[in-house]
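Here the structure comes first, spelled out in C-alpha cells, and everything after it is commentary.
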Protein chains: 2
Amino acid sequence: MPVLVMKFGGTSVADLSRIENAAKKVQAEIARGYDVIVIVSAMSGKTNELVGWVEGTSKLYDAREYDAIVSSGENVTAGLLALRLQENGVPARSWQGWQVPINTTSAHSSARFVSIPRGNIDAKFAEGFKVAVVAGFQGVSAEGRITTLGRGGSDTTAVAFAAAFAAERCDIYTDVDGVYTTDPRVSEKARKLDKIAYEEMLELASLGAKVLQTRSVELAMRYKVRLRVLSSFEDTDETSGTLVCDEDEIMESKVVSGVAFSRDEAKMTLVRVEDRPGIAAAIFGPLADAGVNVDMIVQNISEQADPSDKRAYTDMTFSCPTNQVLRAKKAIEEAQAAGKFAYAQLITDSDVSKVSVVGIGMRSHAGVAAKMFASLAAENVNIKVIATSEIKISVLIDRKYMELAVQALHDAFDLDKANT
Amino acid sequence: MPVLVMKFGGTSVADLSRIENAAKKVQAEIARGYDVIVIVSAMSGKTNELVGWVEGTSKLYDAREYDAIVSSGENVTAGLLALRLQENGVPARSWQGWQVPINTTSAHSSARFVSIPRGNIDAKFAEGFKVAVVAGFQGVSAEGRITTLGRGGSDTTAVAFAAAFAAERCDIYTDVDGVYTTDPRVSEKARKLDKIAYEEMLELASLGAKVLQTRSVELAMRYKVRLRVLSSFEDTDETSGTLVCDEDEIMESKVVSGVAFSRDEAKMTLVRVEDRPGIAAAIFGPLADAGVNVDMIVQNISEQADPSDKRAYTDMTFSCPTNQVLRAKKAIEEAQAAGKFAYAQLITDSDVSKVSVVGIGMRSHAGVAAKMFASLAAENVNIKVIATSEIKISVLIDRKYMELAVQALHDAFDLDKANT
C-alpha cells in the first residue's frame with residue numbers, strides 16, 4: 001500500500017468535534033487506497049498551559065523535565081484521534097515517540113532527528129492496521145529521555161516520517177487553505193498558488209509567511225518530500241491547497257511567485273566604523289551572543305574622511321526585529337566600551353518594513369530588480385536598504401508605505417493572474 | 001542510604017503551590033538521611049478531564065488508548081515536582097512508567113505489577129540523585145504499550161516501589177491526617193489511631209473508610225511494607241499520621257480498633273426459595289453477571305412449609321449498595337423467568353445501613369459480639385442481619401439509627417481512650 005502522511009496542527013484538533021473532522025479526512029485517504037501515518041499536535045492551548053506550569057515552577061528549568069511535561073499534550077491528542085478512528089471502524093493505534101521509536105539527539109527542547117526505524121509501524125500495517133497516529137513534536141534520546149523538537153516541530157515530524165516511509169505525499173492540515181502570492185489581508189488580489197518550489201517556500205516562510213516551519217521545508221527539500229498545505233476547516237480533495245515540491249514539477253513558473261513582507265523591522269547604522277579585517281565579526285559576534293536576529297547586512301564602500309587620517313572608515317547597516325533594538329543597542333555599546341571597535345554614531349530607525357519579491361524564475365530572468373525598483377519609484381516609495389539572493393530581492397522601506405509597496409509589486413509582476 | 005517512598009495524591013499536588021509544599025516535605029526527609037522515591041498522582045481534576053475526553057470520543061473505548069491518554073496526567077505532575085525540587089537545589093528527575101520500567105500485565109486499565117527492576121533508579125541514586133519522582137498509576141506491558149492500574153493505582157504503585165526498593169517506610173500523603181476509630185463527622189469522640197494492623201485496615205477500607213485503596217493495603221501486607229497515612233496539608237514529622245503495619249509491631253492493641261459503617265445499603269430477601277444443592281450459585285451467579293456487588297449473605301435454616309410438600313424451602317437474604325437494587329431485581333426476575341430457581345416473594349428494604357466493629361483482638365477475645373448486640377439493644381436498635389468474620393462483626397440496621405449505633409459502639413468499646 002502506498003503511504004500518506006497527514007499532519008493536523010493545534011487548531012485542527014482543538015476539541016472533540018475538530019478531532020472527528022480530522023478522522024473524516026483520514027478516512028477519505030484510506031478510501032483512496034493509502035496506509036496513513038497521522039502526526040498530531042496538542043489541542044490548541046494545551047501546550048501553553050503546560051509551558052505556563054513549567055515556567056511558574058522554575059525560571060531556569062531543566063529542559064529534560066520541560067520536554068517530559070510538554071510532550072504530554074501531543075500524547076493525549078494521538079490517543080483521542082486513534083479512539084475516534086476506531087469508533088468509526090478504522091483499525092488505528094496511537095504511537096508515542098519512544099514507542100516508534102523516534103530517535104533524536106539529546107539536545108532537549110531543540111532535538112534533531114537521528115533515525116526513525118520503520119519496523120514497528122510497518123509490522124502493524126502488515127497486521128491490518130490502516131492508521132498510525134503519532135504524537136508530533138517529540139522523540140526519545142539515546143539515554144531514554146523524552147525530547148522535543150521545539151515549537152513547530154510537528155511539521156518537521158511529519159516530513160521526517162514522510163521521508164522515512166517513502167510517503168507519496170505529506171499533507172499539512174492547518175487553518176489556512178494554502179500558500180498565497182502575498183497576504184490576502186494586505187492585497188485583495190492575492191491568489192492561492194497551486195504549486196510552489198521548496199526554495200521559494202523557504203524564502204516566503206523565513207520572510208513571515210508563517211504557513212510552514214522553515215525547518216520542515218528544508219527537510220522536505222533535502223528528502224524530496226512532496227508537501228501539501230491545506231485547510232482542515234474546508235472540504236478538501238486531491239487538488240486542494242498548495243503543493244510545495246521540486247521545481248522540476250512546476251512546468252512553467254512565473255519569474256516572481258510571491259511578495260513577502262515583514263512589518264516590524266528596525267534599521268541600525270553604525271556611522272564611521274573603522275574599516276579593518278575582522279570588523280564585521282567584531283560587530284556581529286556580540287549581537288549574536290545577545291540573541292539579536294540580524295537579517296540584512298549592508299556595508300558601504302570605505303572612505304577616507306580626512307587625508308591626514310590614514311585609516312579607512314565605513315558605514316555598517318543591519319536590520320533586526322523592532323523588539324530587539326534595545327538589546328542590540330546595549331550589545332553594541334558594551335562592545336564599544338570594551339574596546340572591540342569604535343564608531344562615530346549609532347543611528348536607529350525603528351519605523352521600517354521589509355518587502356521582498358521571491359521566485360525561482362529570477363535565476364534565468366534578468367531585470368527583476370530593475371522592475372521592482374521602478375514600480376516602487378512610480379509610487380514614490382523610497383528604498384532605504386537593498387539585499388539580494390539568488391531567488392529573492394528584499395528592500396527596507398518606511399513602514400507607512402508597506403501595504404502600498406506590496407500591492408504595487410503584486411500588480412507589477414502580474415501575480416493575480418494564474419499561469420495559462 | 002536508606003530509601004523512603006512518599007506518595008502524594010491529587011489534592012496534594014493540585015496546583016503549583018501544593019507541589020512546592022510536597023517538595024518541602026520531600027526535602028525534610030532528605031535532611032533526615034533518606035534517598036527518596038516519590039510517587040505522584042495527576043493534579044486533581046486532570047484525570048477527570050482526560051477521562052471525559054475519552055468518553056466523549058468513544059463509549060466502548062479501546063483500553064490501550066485510554067491508558068495512553070489518561071496516564072499523561074501523572075507524567076505532568078512528575079515533571080513539575082522534579083523541576084520544583086531542582087529549583088530548590090535538590091538533584092531530582094522524573095520517571096515515567098516505561099523508563100523505570102514498571103513492568104505490568106497487559107490487562108489495560110486494570111494492570112497488575114509483574115516486576116519493578118531497581119537498576120535504572122539505583123544507578124541515578126549512585127550518581128548522586130537524591131529523589132526519583134515517579135508517575136503513579138501507570139506501567140508498561142510486555143508489548144511496549146502504556147498500561148494503567150485503575151483508579152487508586154497510585155497508592156499501589158507506592159507500595160510496590162517500597163517493596164522493590166526495601167524501603168524503610170511508605171508514606172501516603174493525602175487530605176486526611178490519619179485513620180480514625182470512626183468517622184469524626186459521625187462521632188465527635190473519634191480518635192486518630194497511631195497504629196493499625198494491615199488486616200484491620202483492610203476491613204476498614206472495604207467498609208468505607210476510604211483513606212487507602214484496598215489493593216495497596218493487601219500488597220503492603222504481603223510484602224510487609226510499613227505504610228503511613230498522613231496529611232499533606234499540615235506540618236508533619238516522624239510521629240504524624242497513622243502507621244499501618246504488621247500486628248507484631250502493635251504491642252497491646254484493643255480488642256476493637258474501630259467502628260466502620262456504610263450508609264446506603266439495601267437488604268433483599270427471597271422468600272421461600274426451594275432449597276437444593278446449587279441454589280446459591282443459581283441466585284448469585286446472575287447477580288454477579290449483572291455487576292451487583294453482593295456483600296452480606298444470610299441463609300436461614302430450611303423449613304418444610306407443608307407436610308404434603310416433600311421439598312425443603314429457605315429464605316435467602318443478601319445486601320448490596322442501594323443504587324444497585326434495580327439492577328439486582330431485574331437479574332433475579334429474569335433468572336426466575338428463565339426457570340433457574342423459584343421463590344414466593346422478593347422483599348426489598350432500601351433503607352438500611354451497615355455498622356461494623358473491627359479489631360484483630362477479637363481473635364483472642366470472646367464476648368465481642370455479645371457486647372455489641374447488648375449495646376445496640378440498650379439503644380433499642382433492631383438488628384436485621386448479622387455477619388461475622390475473624391476480626392469483624394457487621395450488622396444491618398435501619399438507616400435512621402446509624403449515627404446512634406456508631407456512637408454507642410464507639411463508647412462501649414472505649415475507642416475514645418488511647419491505650420495506656
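Residue numbering restarts at 1 for every chain of the C-alpha cells, chains are lettered A, B, ... in their displayed order, and ligands are numbered from 1 as they appear.
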
Residues of chain A that have any atom at most 6 Å from an atom of chain B: could you tabulate them with the shortest-distance atom pair and the distance in Å to one decimal, using only C-alpha atoms, ordered by chain and increasing number, as CSV?
residue,atom,partner,partner_atom,distance
A:Thr57,CA,B:Arg84,CA,5.7
A:Ser58,CA,B:Glu87,CA,6.0
A:Glu65,CA,B:Gly79,CA,5.2
A:Ile69,CA,B:Val76,CA,4.7
A:Ser72,CA,B:Ser72,CA,5.6
A:Val76,CA,B:Ile69,CA,4.7
A:Gly79,CA,B:Glu65,CA,5.2
A:Arg84,CA,B:Thr57,CA,5.7
A:Glu87,CA,B:Ser58,CA,6.0

> When DSSP works through the backbone of this structure, what residues of segment 69-273 of chain A end up as helix (DSSP H, G or I), shown as a ChimeraX atom specification?
Replying inline: /A:69-70,72-87,97-99,119-127,153-164,198-206,214-223,247-249

Those same residues, written as an mmCIF file, in the first residue's frame with C-alpha atoms?
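Output (again.cif):
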data_model
loop_
_atom_site.group_PDB
_atom_site.id
_atom_site.type_symbol
_atom_site.label_atom_id
_atom_site.label_comp_id
_atom_site.auth_asym_id
_atom_site.auth_seq_id
_atom_site.Cartn_x
_atom_site.Cartn_y
_atom_site.Cartn_z
ATOM 1 C CA ILE A 69 5.951 17.595 30.636
ATOM 2 C CA VAL A 70 5.201 19.457 27.438
ATOM 3 C CA SER A 72 2.151 15.029 27.092
ATOM 4 C CA GLY A 73 -0.173 17.305 25.126
ATOM 5 C CA GLU A 74 0.524 15.501 21.852
ATOM 6 C CA ASN A 75 0.156 12.101 23.525
ATOM 7 C CA VAL A 76 -3.385 12.985 24.536
ATOM 8 C CA THR A 77 -4.377 14.056 21.023
ATOM 9 C CA ALA A 78 -2.802 10.943 19.475
ATOM 10 C CA GLY A 79 -4.829 8.705 21.765
ATOM 11 C CA LEU A 80 -8.060 10.602 21.161
ATOM 12 C CA LEU A 81 -7.721 10.535 17.374
ATOM 13 C CA ALA A 82 -6.903 6.805 17.443
ATOM 14 C CA LEU A 83 -10.030 6.228 19.552
ATOM 15 C CA ARG A 84 -12.136 8.324 17.190
ATOM 16 C CA LEU A 85 -10.896 6.346 14.171
ATOM 17 C CA GLN A 86 -11.572 3.051 15.953
ATOM 18 C CA GLU A 87 -15.059 4.286 16.806
ATOM 19 C CA GLY A 97 7.820 8.988 20.314
ATOM 20 C CA TRP A 98 9.600 6.306 22.342
ATOM 21 C CA GLN A 99 7.304 3.598 21.017
ATOM 22 C CA GLY A 119 9.926 -1.771 11.777
ATOM 23 C CA ASN A 120 7.318 -1.317 14.494
ATOM 24 C CA ILE A 121 4.823 0.674 12.456
ATOM 25 C CA ASP A 122 5.321 -1.435 9.308
ATOM 26 C CA ALA A 123 4.579 -4.550 11.384
ATOM 27 C CA LYS A 124 1.252 -3.023 12.439
ATOM 28 C CA PHE A 125 0.380 -2.076 8.846
ATOM 29 C CA ALA A 126 1.161 -5.700 7.914
ATOM 30 C CA GLU A 127 -1.257 -6.843 10.652
ATOM 31 C CA GLY A 153 8.313 20.543 15.486
ATOM 32 C CA SER A 154 5.146 18.734 14.472
ATOM 33 C CA ASP A 155 5.523 19.882 10.846
ATOM 34 C CA THR A 156 9.076 18.609 10.925
ATOM 35 C CA THR A 157 7.968 15.305 12.434
ATOM 36 C CA ALA A 158 5.516 14.884 9.567
ATOM 37 C CA VAL A 159 8.177 15.488 6.928
ATOM 38 C CA ALA A 160 10.630 13.164 8.675
ATOM 39 C CA PHE A 161 8.030 10.352 8.668
ATOM 40 C CA ALA A 162 7.221 11.014 5.024
ATOM 41 C CA ALA A 163 10.928 10.633 4.222
ATOM 42 C CA ALA A 164 11.381 7.523 6.403
ATOM 43 C CA TYR A 198 10.876 24.364 -1.942
ATOM 44 C CA GLU A 199 13.345 27.226 -2.337
ATOM 45 C CA GLU A 200 10.567 29.746 -2.826
ATOM 46 C CA MET A 201 8.661 28.418 0.163
ATOM 47 C CA LEU A 202 11.787 28.729 2.291
ATOM 48 C CA GLU A 203 12.172 32.380 1.367
ATOM 49 C CA LEU A 204 8.480 33.029 1.945
ATOM 50 C CA ALA A 205 8.456 31.218 5.292
ATOM 51 C CA SER A 206 11.510 32.941 6.668
ATOM 52 C CA THR A 214 11.278 26.713 7.833
ATOM 53 C CA ARG A 215 12.877 23.574 9.209
ATOM 54 C CA SER A 216 10.172 21.318 7.842
ATOM 55 C CA VAL A 217 10.576 22.812 4.360
ATOM 56 C CA GLU A 218 14.357 22.369 4.497
ATOM 57 C CA LEU A 219 13.893 18.726 5.443
ATOM 58 C CA ALA A 220 11.306 18.248 2.698
ATOM 59 C CA MET A 221 13.672 19.752 0.152
ATOM 60 C CA ARG A 222 16.552 17.538 1.242
ATOM 61 C CA TYR A 223 14.492 14.337 1.021
ATOM 62 C CA GLU A 247 10.961 22.946 -9.163
ATOM 63 C CA ASP A 248 11.077 20.216 -11.806
ATOM 64 C CA GLU A 249 7.432 19.513 -11.019
#

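Reported to one decimal place, the separation of atom CA of Asp35 of chain B from atom CA of Val244 of chain B is 21.6 Å.
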
> What does the distance between atom CA of Val406 of chain A and atom CA of Leu193 of chain A come to in Å, to one decimal place?
Replying inline: 16.9 Å

Segment 101-110 of chain B surroundings by only C-alpha atoms, 7 Å radius, close-in-sequence under 5 positions cut, as a PDB file with N, CA and C atoms, in the first residue's frame:
ATOM      1  N   ALA B  63      -9.095   0.158  25.648  1.00  0.00           N
ATOM      2  CA  ALA B  63      -8.439   0.454  26.929  1.00  0.00           C
ATOM      3  C   ALA B  63      -6.975   0.825  26.745  1.00  0.00           C
ATOM      4  N   ARG B  64      -6.344   0.378  25.661  1.00  0.00           N
ATOM      5  CA  ARG B  64      -4.934   0.730  25.432  1.00  0.00           C
ATOM      6  C   ARG B  64      -4.791   2.217  25.155  1.00  0.00           C
ATOM      7  N   ASP B  67      -5.508   4.202  28.369  1.00  0.00           N
ATOM      8  CA  ASP B  67      -4.339   4.218  29.256  1.00  0.00           C
ATOM      9  C   ASP B  67      -3.286   5.215  28.768  1.00  0.00           C
ATOM     10  N   SER B 115       7.005  -6.750  37.521  1.00  0.00           N
ATOM     11  CA  SER B 115       8.295  -6.514  38.169  1.00  0.00           C
ATOM     12  C   SER B 115       8.649  -5.030  38.087  1.00  0.00           C
ATOM     13  N   ILE B 116       9.430  -4.594  39.069  1.00  0.00           N
ATOM     14  CA  ILE B 116       9.974  -3.234  39.044  1.00  0.00           C
ATOM     15  C   ILE B 116      11.475  -3.365  39.246  1.00  0.00           C
ATOM     16  N   PRO B 117      12.236  -3.499  38.152  1.00  0.00           N
ATOM     17  CA  PRO B 117      13.692  -3.655  38.303  1.00  0.00           C
ATOM     18  C   PRO B 117      14.299  -2.380  38.890  1.00  0.00           C
ATOM     19  N   GLY B 139       2.180   1.821  34.064  1.00  0.00           N
ATOM     20  CA  GLY B 139       3.280   0.915  33.819  1.00  0.00           C
ATOM     21  C   GLY B 139       3.402   0.686  32.330  1.00  0.00           C
ATOM     22  N   VAL B 140       4.129  -0.367  31.957  1.00  0.00           N
ATOM     23  CA  VAL B 140       4.301  -0.684  30.547  1.00  0.00           C
ATOM     24  C   VAL B 140       4.150  -2.196  30.389  1.00  0.00           C
ATOM     25  N   SER B 141       3.453  -2.597  29.327  1.00  0.00           N
ATOM     26  CA  SER B 141       3.220  -4.027  29.106  1.00  0.00           C
ATOM     27  C   SER B 141       4.394  -4.629  28.350  1.00  0.00           C
ATOM     28  N   THR B 147       0.268   1.023  30.256  1.00  0.00           N
ATOM     29  CA  THR B 147      -0.861   0.449  30.991  1.00  0.00           C
ATOM     30  C   THR B 147      -1.184   1.352  32.171  1.00  0.00           C
ATOM     31  N   THR B 148      -2.418   1.232  32.684  1.00  0.00           N
ATOM     32  CA  THR B 148      -2.701   1.861  33.979  1.00  0.00           C
ATOM     33  C   THR B 148      -3.288   0.804  34.900  1.00  0.00           C
ATOM     34  N   LEU B 149      -3.238   1.134  36.192  1.00  0.00           N
ATOM     35  CA  LEU B 149      -3.601   0.162  37.216  1.00  0.00           C
ATOM     36  C   LEU B 149      -5.042   0.321  37.659  1.00  0.00           C
ATOM     37  N   GLY B 150      -5.741   1.270  37.100  1.00  0.00           N
ATOM     38  CA  GLY B 150      -7.084   1.554  37.583  1.00  0.00           C
ATOM     39  C   GLY B 150      -7.036   2.576  38.687  1.00  0.00           C
TER      40      GLY B 150
END

>> Can you tell me, as an MDAnalysis selection string, which residues in segment 254-409 of chain B count as strand (DSSP E) by DSSP?
In response: chainID B and resid 258:274 297:299 313:321 345:358 383:389 392:398

>> Excluding segment 232-240 of chain A and its own-chain neighbours fewer than 2 positions away, which residues fall within 9 Å of it when counting only C-alpha atoms? Please give them as a list in words.
In response: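 My list of contacting residues is Phe8, Thr11, Ser12, Arg18, Asn21, Ala22, Lys25, Ala28, Ile172, Tyr173, Thr174, Asp175, Val176, Asp177, Gly178, Asp194, Arg228, Val229, Leu230, Thr242 and Leu243 of chain A.
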
Output of the above residues as a short mmCIF file (atom, residue, chain, number, x, y, z; two decimals), in the first residue's frame, restricted to C-alpha atoms:
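Output contents, as saved in out.cif:
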data_model
loop_
_atom_site.label_atom_id
_atom_site.label_comp_id
_atom_site.auth_asym_id
_atom_site.auth_seq_id
_atom_site.Cartn_x
_atom_site.Cartn_y
_atom_site.Cartn_z
CA PHE A 8 -3.01 18.19 11.94
CA THR A 11 -6.43 24.37 15.85
CA SER A 12 -7.27 21.33 13.68
CA ARG A 18 -12.38 19.01 15.38
CA ASN A 21 -13.31 16.20 11.48
CA ALA A 22 -9.66 15.13 11.25
CA LYS A 25 -10.21 13.42 6.41
CA ALA A 28 -11.16 9.76 2.94
CA ILE A 172 -0.13 19.56 6.37
CA TYR A 173 -3.64 20.47 7.54
CA THR A 174 -3.81 23.89 9.10
CA ASP A 175 -6.09 26.91 9.43
CA VAL A 176 -5.22 28.41 6.03
CA ASP A 177 -6.10 26.85 2.69
CA GLY A 178 -2.71 27.21 1.05
CA ASP A 194 -1.28 25.55 -6.81
CA ARG A 228 0.91 19.91 0.63
CA VAL A 229 -0.57 22.71 2.73
CA LEU A 230 -4.35 22.71 3.02
CA THR A 242 -0.77 24.28 -2.31
CA LEU A 243 1.84 21.68 -3.20
#

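Nearest residue to Phe284 of chain B, choosing from B:Ile196, B:Ile250, B:Ser44, B:Thr317 and counting only C-alpha atoms: B:Thr317.
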